[in-house]
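One file, target.txt, carrying compact mmCIF, C-alpha atoms:
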# COMPACT_ATOMS: atom_id res chain seq x y z
CA ASP H 1 3.11 27.21 102.80
CA VAL H 2 2.00 30.63 103.90
CA LYS H 3 0.99 32.78 101.03
CA VAL H 4 0.74 36.55 101.16
CA THR H 5 -0.41 38.22 97.97
CA GLN H 6 -0.52 41.86 96.99
CA SER H 7 -2.90 43.21 94.39
CA SER H 8 -0.31 44.81 92.11
CA ARG H 9 3.41 44.42 91.49
CA TYR H 10 3.72 47.82 89.84
CA LEU H 11 1.44 50.83 90.11
CA VAL H 12 1.68 54.32 88.63
CA LYS H 13 -0.59 57.05 89.99
CA ARG H 14 -0.86 60.81 89.74
CA THR H 15 -0.46 63.30 92.55
CA GLY H 16 -3.71 63.76 94.46
CA GLU H 17 -5.23 60.42 93.49
CA LYS H 18 -6.64 58.08 96.12
CA VAL H 19 -4.70 54.84 96.03
CA PHE H 20 -5.65 51.45 97.42
CA LEU H 21 -3.10 48.72 98.03
CA GLU H 22 -4.56 45.33 98.87
CA CYS H 23 -2.98 42.47 100.77
CA VAL H 24 -4.44 39.01 101.31
CA GLN H 25 -3.05 36.13 103.38
CA ASP H 26 -4.32 32.57 103.36
CA MET H 27 -3.06 31.22 106.69
CA ASP H 28 -5.62 32.66 109.09
CA HIS H 29 -3.01 34.93 110.66
CA GLU H 30 -4.21 37.44 113.24
CA ASN H 31 -1.49 40.03 112.62
CA MET H 32 -0.94 41.97 109.42
CA PHE H 33 1.55 44.73 108.66
CA TRP H 34 2.26 47.38 106.05
CA TYR H 35 5.83 48.58 105.49
CA ARG H 36 7.50 50.84 103.02
CA GLN H 37 11.07 50.33 101.91
CA ASP H 38 13.29 53.08 100.56
CA PRO H 39 17.00 53.02 99.68
CA GLY H 40 19.10 54.10 102.63
CA LEU H 41 16.11 54.10 105.02
CA GLY H 42 15.38 50.39 105.21
CA LEU H 43 11.99 49.02 106.18
CA ARG H 44 9.67 51.30 108.07
CA LEU H 45 6.38 50.23 109.60
CA ILE H 46 3.36 52.25 108.48
CA TYR H 47 0.45 50.48 110.21
CA PHE H 48 -0.32 47.10 111.65
CA SER H 49 -3.41 45.23 112.72
CA TYR H 50 -3.73 42.46 115.27
CA ASP H 51 -7.39 41.68 114.66
CA VAL H 52 -10.29 42.47 112.40
CA LYS H 53 -11.22 46.16 112.58
CA MET H 54 -8.21 46.84 114.82
CA LYS H 55 -5.30 49.01 113.73
CA GLU H 56 -2.23 50.52 115.30
CA LYS H 57 0.04 53.24 113.96
CA GLY H 58 3.57 52.34 113.15
CA ASP H 59 6.53 54.66 112.75
CA ILE H 60 5.33 56.64 109.73
CA PRO H 61 1.49 56.67 109.53
CA GLU H 62 1.14 60.21 108.20
CA GLY H 63 -0.59 60.34 104.83
CA TYR H 64 -1.85 56.76 105.10
CA SER H 65 -4.86 54.94 106.48
CA VAL H 66 -5.76 51.27 106.66
CA SER H 67 -8.77 49.03 106.65
CA ARG H 68 -9.25 45.51 107.93
CA GLU H 69 -12.81 44.36 107.47
CA LYS H 70 -11.94 40.67 107.08
CA LYS H 71 -9.24 38.67 108.80
CA GLU H 72 -7.46 37.73 105.58
CA ARG H 73 -7.39 41.18 103.98
CA PHE H 74 -5.52 44.34 105.00
CA SER H 75 -5.74 47.43 102.81
CA LEU H 76 -3.44 50.42 102.76
CA ILE H 77 -4.98 53.67 101.55
CA LEU H 78 -3.18 56.76 100.35
CA GLU H 79 -5.86 59.40 100.70
CA SER H 80 -4.14 61.88 98.37
CA ALA H 81 -1.01 60.48 96.83
CA SER H 82 2.12 62.62 96.82
CA THR H 83 5.45 62.17 95.07
CA ASN H 84 7.20 61.44 98.37
CA GLN H 85 5.05 58.33 98.68
CA THR H 86 6.82 56.78 95.71
CA SER H 87 8.25 53.63 97.26
CA MET H 88 8.17 49.85 97.55
CA TYR H 89 5.27 48.77 99.75
CA LEU H 90 5.46 45.44 101.53
CA CYS H 91 2.72 43.58 103.35
CA ALA H 92 3.38 40.89 105.97
CA SER H 93 1.41 38.64 108.28
CA SER H 94 2.08 36.54 111.38
CA ILE H 95 0.24 34.54 114.00
CA SER H 96 -0.37 35.86 117.49
CA GLY H 97 0.86 34.33 120.75
CA THR H 98 3.49 34.95 123.38
CA GLY H 99 5.80 32.07 122.55
CA GLY H 100 8.16 34.06 120.35
CA PHE H 101 7.36 32.01 117.30
CA ASN H 102 5.57 34.78 115.42
CA GLU H 103 7.40 34.50 112.13
CA GLN H 104 6.50 37.26 109.68
CA PHE H 105 5.76 36.26 106.11
CA PHE H 106 5.92 38.82 103.34
CA GLY H 107 4.17 39.41 100.06
CA PRO H 108 6.01 40.17 96.80
CA GLY H 109 5.73 43.94 97.22
CA THR H 110 4.10 46.74 95.22
CA ARG H 111 6.33 49.27 93.53
CA LEU H 112 4.31 52.50 93.57
CA THR H 113 5.31 55.50 91.52
CA VAL H 114 3.48 58.78 92.05
CA LEU H 115 3.93 61.29 89.23
CA LYS R 1 15.89 51.97 122.51
CA GLN R 2 16.70 48.80 120.61
CA GLU R 3 19.04 49.18 117.64
CA VAL R 4 20.00 46.48 115.18
CA THR R 5 23.23 46.64 113.20
CA GLN R 6 24.47 44.50 110.34
CA ILE R 7 28.12 44.61 109.40
CA PRO R 8 29.41 44.53 106.73
CA ALA R 9 26.95 46.36 104.49
CA ALA R 10 28.25 44.39 101.51
CA LEU R 11 30.26 41.22 101.04
CA SER R 12 31.64 39.53 97.94
CA VAL R 13 33.06 36.00 98.08
CA PRO R 14 33.95 33.26 95.59
CA GLU R 15 31.54 30.43 95.02
CA GLY R 16 31.99 27.46 97.32
CA GLU R 17 33.18 29.37 100.36
CA ASN R 18 31.53 29.15 103.74
CA LEU R 19 30.58 32.56 105.09
CA VAL R 20 29.14 34.29 108.12
CA LEU R 21 26.81 37.28 108.22
CA ASN R 22 26.56 39.26 111.43
CA CYS R 23 23.69 40.91 113.26
CA SER R 24 24.02 42.73 116.57
CA PHE R 25 21.37 44.27 118.82
CA THR R 26 21.68 46.58 121.79
CA ASP R 27 19.02 45.21 124.16
CA SER R 28 19.02 41.53 125.05
CA ALA R 29 15.33 41.53 126.01
CA ILE R 30 13.99 40.10 122.76
CA TYR R 31 11.21 37.65 121.94
CA ASN R 32 12.86 36.33 118.82
CA LEU R 33 15.20 37.14 115.96
CA GLN R 34 14.41 36.49 112.32
CA TRP R 35 16.64 36.31 109.25
CA PHE R 36 15.27 37.24 105.83
CA ARG R 37 16.51 37.21 102.29
CA GLN R 38 15.54 39.82 99.68
CA ASP R 39 16.24 39.58 95.97
CA PRO R 40 16.38 42.85 94.00
CA GLY R 41 12.95 44.37 93.50
CA LYS R 42 11.23 41.55 95.36
CA GLY R 43 9.62 40.93 98.70
CA LEU R 44 11.29 39.34 101.71
CA THR R 45 11.63 35.61 102.21
CA SER R 46 11.80 34.34 105.77
CA LEU R 47 14.83 32.10 106.25
CA LEU R 48 15.03 31.29 109.94
CA LEU R 49 13.43 32.37 113.20
CA ILE R 50 15.19 31.85 116.51
CA GLN R 51 13.14 32.16 119.67
CA SER R 52 14.76 33.88 122.64
CA SER R 53 15.11 30.54 124.44
CA GLN R 54 16.94 28.92 121.52
CA ARG R 55 20.62 29.01 120.61
CA GLU R 56 20.44 28.09 116.95
CA GLN R 57 18.27 27.02 114.05
CA THR R 58 19.21 25.18 110.88
CA SER R 59 17.66 24.94 107.44
CA GLY R 60 19.62 23.19 104.72
CA ARG R 61 22.91 25.02 104.19
CA LEU R 62 21.88 27.80 106.58
CA ASN R 63 22.55 27.93 110.28
CA ALA R 64 21.58 30.84 112.49
CA SER R 65 22.86 31.28 116.03
CA LEU R 66 21.73 33.55 118.82
CA ASP R 67 23.70 34.82 121.80
CA LYS R 68 21.40 37.13 123.73
CA SER R 69 23.92 37.99 126.42
CA SER R 70 26.32 39.46 123.88
CA GLY R 71 23.56 40.83 121.64
CA ARG R 72 24.65 38.90 118.57
CA SER R 73 23.33 36.59 115.92
CA THR R 74 25.17 35.04 113.01
CA LEU R 75 23.89 33.49 109.81
CA TYR R 76 26.26 30.83 108.51
CA ILE R 77 25.97 29.85 104.85
CA ALA R 78 27.80 26.68 103.86
CA ALA R 79 29.18 26.01 100.39
CA SER R 80 27.93 29.28 98.92
CA GLN R 81 26.38 29.36 95.45
CA PRO R 82 25.71 32.23 93.00
CA GLY R 83 21.99 31.77 93.76
CA ASP R 84 22.69 32.86 97.33
CA SER R 85 23.39 36.37 96.07
CA ALA R 86 20.84 38.65 97.72
CA THR R 87 20.45 41.11 100.57
CA TYR R 88 20.13 39.46 103.96
CA LEU R 89 18.25 41.25 106.72
CA CYS R 90 17.86 40.46 110.38
CA ALA R 91 15.10 41.75 112.63
CA VAL R 92 14.25 41.37 116.32
CA ARG R 93 10.88 41.36 118.01
CA VAL R 94 11.12 43.30 121.24
CA ASP R 95 7.65 43.66 122.67
CA SER R 96 4.16 42.27 122.85
CA ASN R 97 2.79 44.10 119.82
CA TYR R 98 4.74 42.00 117.31
CA GLN R 99 6.67 44.89 115.78
CA LEU R 100 10.15 44.17 114.44
CA ILE R 101 13.27 46.30 114.69
CA TRP R 102 15.24 45.95 111.48
CA GLY R 103 18.88 45.93 110.50
CA ALA R 104 19.91 47.69 107.30
CA GLY R 105 20.98 44.43 105.66
CA THR R 106 24.10 42.90 104.16
CA LYS R 107 24.29 42.70 100.38
CA LEU R 108 25.94 39.40 99.49
CA ILE R 109 27.47 38.66 96.10
CA ILE R 110 28.72 35.17 95.32
CA LYS R 111 31.12 35.18 92.38
CA PRO R 112 31.03 32.15 90.06
Let me see the file written as structure tokens.
Amino acid sequence: DVKVTQSSRYLVKRTGEKVFLECVQDMDHENMFWYRQDPGLGLRLIYFSYDVKMKEKGDIPEGYSVSREKKERFSLILESASTNQTSMYLCASSISGTGGFNEQFFGPGTRLTVL
Amino acid sequence: KQEVTQIPAALSVPEGENLVLNCSFTDSAIYNLQWFRQDPGKGLTSLLLIQSSQREQTSGRLNASLDKSSGRSTLYIAASQPGDSATYLCAVRVDSNYQLIWGAGTKLIIKP
């Protein structure tokens, strides 16, 4: 079974802090994604990566950056946390290929609260 | 621009009933469609993926169908159980960069 793990289930940080959210997958997937999920707004894509050291902006990249130094690990960085970044953060991964079989697998999520 | 809609937003049915959840999309040019389940405060669990060339996929009591021409997918749950209570989301992949377009979900409650 594919396993996607996230470093923390719950995290509380203060405004202005630099925050690192880590995601690791064990299935050698090329693609990795970071989403945030908010009530009434659904899932929104922040960044994704289709290879090591590659990154692409999603729908809401402002205030975030990412790092992918190894294939299995994708980090989301909040350079200076703000209260409006309080949210559930979800990481996902999938294989590459054009066959339409690129099922996304999700981690358990990190509930981040910024005070 | 592709839009994905799930109606109803919430559904409550007695245990044991068969039920259908709906997902519609505006552009038939999709690579695949995926159904997920989300329990409160948890991550998403992938249930079924249907490739654009397929008509349906089955896993246990779940059956998902895809009709690209009409822009619809259904998730059929047979013999519902209280443990099926969750929010069900559908998402379509529309282009080569693997991004998904998401529905808002249907919150399902199965009453014992």
Counting all atoms listed in the file, write as a count of residues only all protein and nucleic acid residues lying at most 6 Å from (22.7, 42.3, 119.7) in the file's frame.
5
ask   = Leaving out Thr83 (chain H) and any residue of its chain fewer than 2 positions from it, which residues lie within 6 Å of it when counting all atoms listed in the file, given as a ChimeraX atom specification?
value = /H:85-86,114
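Between chain R and the residues H:Met32, H:Val19, H:Val24, H:Val52, the shortest atom-to-atom distance, using only C-alpha atoms, involves H:Met32.
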Between CA of Arg44 (chain H) and CA of Gln57 (chain R) lies a distance of 26.4 Å
- Message: Which residue is closest to Leu41 (chain H)? Choose from R:Pro82, R:Gly60, R:Gly16, R:Gly103 and count all atoms listed in the file.
- Response: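 Smallest separation from Leu41 (chain H) among the options: R:Gly103.
In chain H, the set of residues within 6 Å of chain R (atoms considered: all atoms listed in the file) is Gly42, Gly100, Phe106, Gly107, Pro108 and Gly109 of chain H.
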Handout entry: Among listed residues R:Ala9, R:Leu19, R:Ala91, R:Ala78, nearest Thr106 (chain R) (using all atoms listed in the file)
Key =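 Comparing R:Ala9, R:Leu19, R:Ala91, R:Ala78 against Thr106 (chain R), the winner is R:Ala9.
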Expected answer as a ChimeraX atom specification: all residues with atoms within 10 Å of (-5.8, 64.9, 91.4), all atoms listed in the file = /H:13-18,80-82
(Q) Neighbouring residues of Glu62 (chain H) were defined as those with any atom within 10 Å, considering all atoms listed in the file; residues of the same chain fewer than 4 positions away were excluded. Please report them as a list in words. (A) Ile46, Tyr47, Lys57, Gly58 and Leu78 of chain H
Exercise for review: Figure out the distance between CA of Arg9 (chain H) and CA of Thr113 (chain H), please, to one decimal in Å.
Suggested key: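 Interatomic distance, CA of Thr113 (chain H) to CA of Arg9 (chain H): 11.2 Å.
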Could you give me the axis-aligned bounding box of region 50-69 of chain R, with 6 Å of padding per side, as centre plus edge lengths in Å to one decimal, as JSON?
{"center_x": 18.5, "center_y": 30.6, "center_z": 115.3, "size_x": 22.8, "size_y": 26.8, "size_z": 34.2}
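For the atom pair formed by CA of Val4 (chain H) and CA of Val4 (chain R), the distance is 25.8 Å, given to one decimal.
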Requested in this report: Tell me which of H:Glu22, H:Asp38, H:Asp51, H:Glu56 sits closest to Ser96 (chain H), counting all atoms listed in the file.
Outcome: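 Ranked by minimum distance to Ser96 (chain H), first place goes to H:Asp51.
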Item to complete: Could you give me, as a PyMOL selection string, the residues within 10 Å of Ile109 (chain R), counting all atoms listed in the file and dropping anything in the same chain fewer than 4 positions from it?
Response: chain R and resi 10-15+80-87
Next item on the list: For each of H:Arg73, H:Leu11, H:Gln25, H:Pro61, take the minimum atom-to-atom distance to Met88 (chain H), counting all atoms listed in the file, then give the residue where this is smallest.
Entry: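 Among the listed residues, H:Leu11 lies closest to Met88 (chain H).
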Considering all atoms listed in the file, state which residue in the set H:Asn84, H:Gln6, H:Thr110, H:Ser94 is at the smallest distance from Met27 (chain H).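 Of H:Asn84, H:Gln6, H:Thr110, H:Ser94, the one nearest Met27 (chain H) is H:Ser94, counting all atoms listed in the file.
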